[in-house]
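What follows is one structure encoded as structure tokens, with my remarks underneath.
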Amino acid sequence: MQAKPTAFTSSALLPRVPLIPEHIVRRHNVHFEIDTRFRRAARLLQYLWLTDHGIPTGIHIQGTGEDAVTMDIGSCLSAEAAEAGKNFLSPAIHGLVRHELIMREEGAMIDEDRLFRNALSSMPLVFNLFGPMVIDLRLATAVFRALLPDFVNTVESIRFEHSPGRHQDRFLADGTAFDLAMAVITPDGEEATIFVEVKYSEDMTGPAARFRPRYDEASRQVGLFKDPDSQLLRSLALEQLWREGMLSQLAVDHGITPRALFITIAPRLNRRVNAACRVYRNELIESDQRQNNRVGFQSFELETVIRELAKTGASEIAGKLWARYCDFERVYRLALNEFPDTARLNTGIANQVTNVSARRPASKTTGPSPNATK
């Protein structure tokens with residue numbers, strides 16, 4: 001007998017993100033001409049979440065100066081709601097955000113408008129996902145010990161918008177930074193760092209960092225890539241992963257941390273991000289062929305991290321994260337039931353789709369084993 005999908009599995013049965021008709025996004029005031037398929041569905045999901053919680057929406061300003069265009073869009077919070085911290089899942093997370101803004105590293109670039117007003121941005125997702133783990137490091141330890149059992153015994157601290165060498169010539173001579181860095185103790189009792197990049201609706205098409213000659217030097221220096229001069233690494237889709245991979249290795253090489261692992265977290269159905277991670281991984285030297293103490297790379301599905309958070313007993317915040325960021329079943333049903341006369345037929349078709357998907361092998365996280373960092 002087919003098990004009934006739970007709150008944490010139903011969306012995982014979808015083989016791809018729903019293609020939302022234009023008239024639906026226009027009716028809900030979330031039409032954005034350049035949205036990808038994933039971003040359109042994600043933007044609608046954010047609008048539904050804001051509506052559920054009675055959070056008023058506001059305007060979005062695209063561009064700067066004379067080219068700026070003001071748009072009324074349903075995935076952005078009103079100024080008053082943003083100021084009240086409504087883009088975050090709890091007052092405690094909002095308080096943490098305020099603390100981190102005041103205490104951020106020198107030179108850390110945090111776009112406060114995106115953070116407080118843009119529900120679709122990955123910036124509030126970073127705080128909503130990791131905020132509870134910062135407040136209670138036992139959660140972080142439980143989650144990442146499960147995800148990376150060969151690399152994590154305990155999580156000691158978490159830093160947001162972190163760079164081990166911002167604007168230093170011996171690093172990348174630029175402002176490249178990670179969404180966060182976790183200081184951990186490995187099962188061997190060694191200090192180590194996990195550098196994390198989180199994506200949500202991004203399509204990996206830029207904007208790219210201004211190219212610097214130091215990038216070419218560092219690419220050859222770090223000993224991570226099959227071809228350090230590969231043009232793929234310098235493409236719009238990969239250049240951020242390339243820079244962050246180099247930065248994580250330079251942190252080890254310069255003694256900032258004895259060991260490190262570079263990971264990404266993104267929704268399962270954001271195919272562009274996941275494809276970029278696969279291509280980047282293929283540019284790396286195989287773990288059994290590279291020098292010792294090289295930084296490993298792994299990519300995780302956002303859904304997997306949330307499920308592990310739920311297993312720790314933090315089911316309430318996990319449920320909120322899932323409903324806000326991963327419940328694409330909801331937008332699928334909204335689009336499917338657009339025509340009431342066919343609702344019964346649509347339900348039967350939907351059940352067939354999810355049943356077929358449920359019988360497929362479960363997806364796995366991608367990337368070499370964390371043991372490769374030893």
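For the structure tokens, the naming scheme is as follows: chains receive sequential letters (A, B, ...) according to their order of presentation, residues are indexed from 1 within each chain, and ligands are indexed from 1 in presentation order.
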
Could you give me, as a tab-separated table, every region 190-290 of chain A residue with an atom at most 12 Å from region 41-50 of chain A, plus its closest atom pair and distance in Å to one decimal, counting only C-alpha atoms, rows ordered by chain then number?
```
residue	atom	partner	partner_atom	distance
A:Tyr200	CA	A:Ala42	CA	8.5
A:Ser201	CA	A:Ala42	CA	6.8
A:Glu202	CA	A:Ala42	CA	10.4
A:Pro267	CA	A:Ala42	CA	10.2
A:Leu269	CA	A:Ala42	CA	10.2
A:Asn270	CA	A:Ala42	CA	9.6
```

**Request:** Find the residues near region 168-183 of chain A: any atom within 8 Å, counting only C-alpha atoms, skip ones fewer than 3 places away on the same chain, and give them as a ChimeraX atom specification.
**Result:** /A:107-108,126,155-165,191-198,214-215,218,243-244,247,250-251

**Request:** Write out as a PyMOL selection string which residues come within 10 Å of region 16-18 of chain A when counting only C-alpha atoms, dropping same-chain ones fewer than 5 positions away.
**Result:** chain A and resi 11+37-42+268-271+328-336

Sorted per-residue table, region 99-142 of chain A near region 311-314 of chain A, closest atoms and distance, 9 Å, only C-alpha atoms, as a Markdown table:
```
| residue | atom | partner | partner_atom | distance |
| --- | --- | --- | --- | --- |
| A:Pro132 | CA | A:Ala314 | CA | 8.9 |
| A:Arg138 | CA | A:Thr312 | CA | 9.0 |
| A:Leu139 | CA | A:Thr312 | CA | 6.5 |
| A:Ala142 | CA | A:Thr312 | CA | 6.4 |
```

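Taking only C-alpha atoms into account, Ile24 (chain A) lies nearest to A:Glu338 out of the set A:Glu338, A:Gly245, A:Asp111, A:Arg210.
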
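Backbone DSSP of region 232-316 of chain A yields strand (DSSP E) at Ala260, Leu261, Phe262, Ile263, Thr264, Ile265, Ala266, Gly296, Phe297, Gln298, Ser299, Phe300 and Glu301 of chain A.
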
**Prompt:** Between CA of Ala84 (chain A) and CA of Met123 (chain A), what is the distance, to one decimal in Å?
**Reply:** 16.8 Å

**Asked** Quick one: DSSP helix (DSSP H, G or I) residues in region 97-209 of chain A, as an MDAnalysis selection string?
**Response** chainID A and resid 97:102 112:117 122:135 137:147

**Prompt:** Counting only C-alpha atoms, what is within 12 Å of Thr57 (chain A), bar same-chain residues fewer than 5 positions away, as a PyMOL selection string?
**Reply:** chain A and resi 28-30+46-51+71-82+86-87+116-119

**Message:** Applying 9 Å and only C-alpha atoms, which residues near Phe144 (chain A) remain after dropping the ones on its own chain fewer than 5 positions away? List them as an NGL selection string.
**Reply:** :A and (139 or 149 or 151-155 or 305 or 308)

Save the residues we just selected, N, CA and C atoms, as an mmCIF file, in the first residue's frame?
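So part31.cif came out as:
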```cif
data_model
loop_
_atom_site.group_PDB
_atom_site.id
_atom_site.type_symbol
_atom_site.label_atom_id
_atom_site.label_comp_id
_atom_site.auth_asym_id
_atom_site.auth_seq_id
_atom_site.Cartn_x
_atom_site.Cartn_y
_atom_site.Cartn_z
ATOM 1 N N LEU A 139 21.550 21.839 17.933
ATOM 2 C CA LEU A 139 20.827 21.543 16.697
ATOM 3 C C LEU A 139 21.802 21.435 15.537
ATOM 4 N N PRO A 149 28.925 12.690 8.712
ATOM 5 C CA PRO A 149 29.392 11.931 9.883
ATOM 6 C C PRO A 149 30.902 11.725 9.927
ATOM 7 N N PHE A 151 33.055 13.980 8.998
ATOM 8 C CA PHE A 151 33.731 15.278 9.099
ATOM 9 C C PHE A 151 33.347 16.054 10.357
ATOM 10 N N VAL A 152 32.158 15.802 10.893
ATOM 11 C CA VAL A 152 31.650 16.611 12.010
ATOM 12 C C VAL A 152 31.369 15.742 13.237
ATOM 13 N N ASN A 153 31.972 16.111 14.348
ATOM 14 C CA ASN A 153 31.584 15.576 15.640
ATOM 15 C C ASN A 153 30.764 16.613 16.400
ATOM 16 N N THR A 154 31.262 17.846 16.454
ATOM 17 C CA THR A 154 30.505 18.937 17.073
ATOM 18 C C THR A 154 30.670 20.203 16.251
ATOM 19 N N VAL A 155 29.645 21.042 16.250
ATOM 20 C CA VAL A 155 29.721 22.385 15.667
ATOM 21 C C VAL A 155 29.990 23.349 16.808
ATOM 22 N N VAL A 305 18.433 19.061 4.399
ATOM 23 C CA VAL A 305 18.852 19.763 5.618
ATOM 24 C C VAL A 305 17.651 19.998 6.528
ATOM 25 N N GLU A 308 16.631 16.793 8.293
ATOM 26 C CA GLU A 308 17.526 16.479 9.403
ATOM 27 C C GLU A 308 17.255 17.385 10.596
#
```
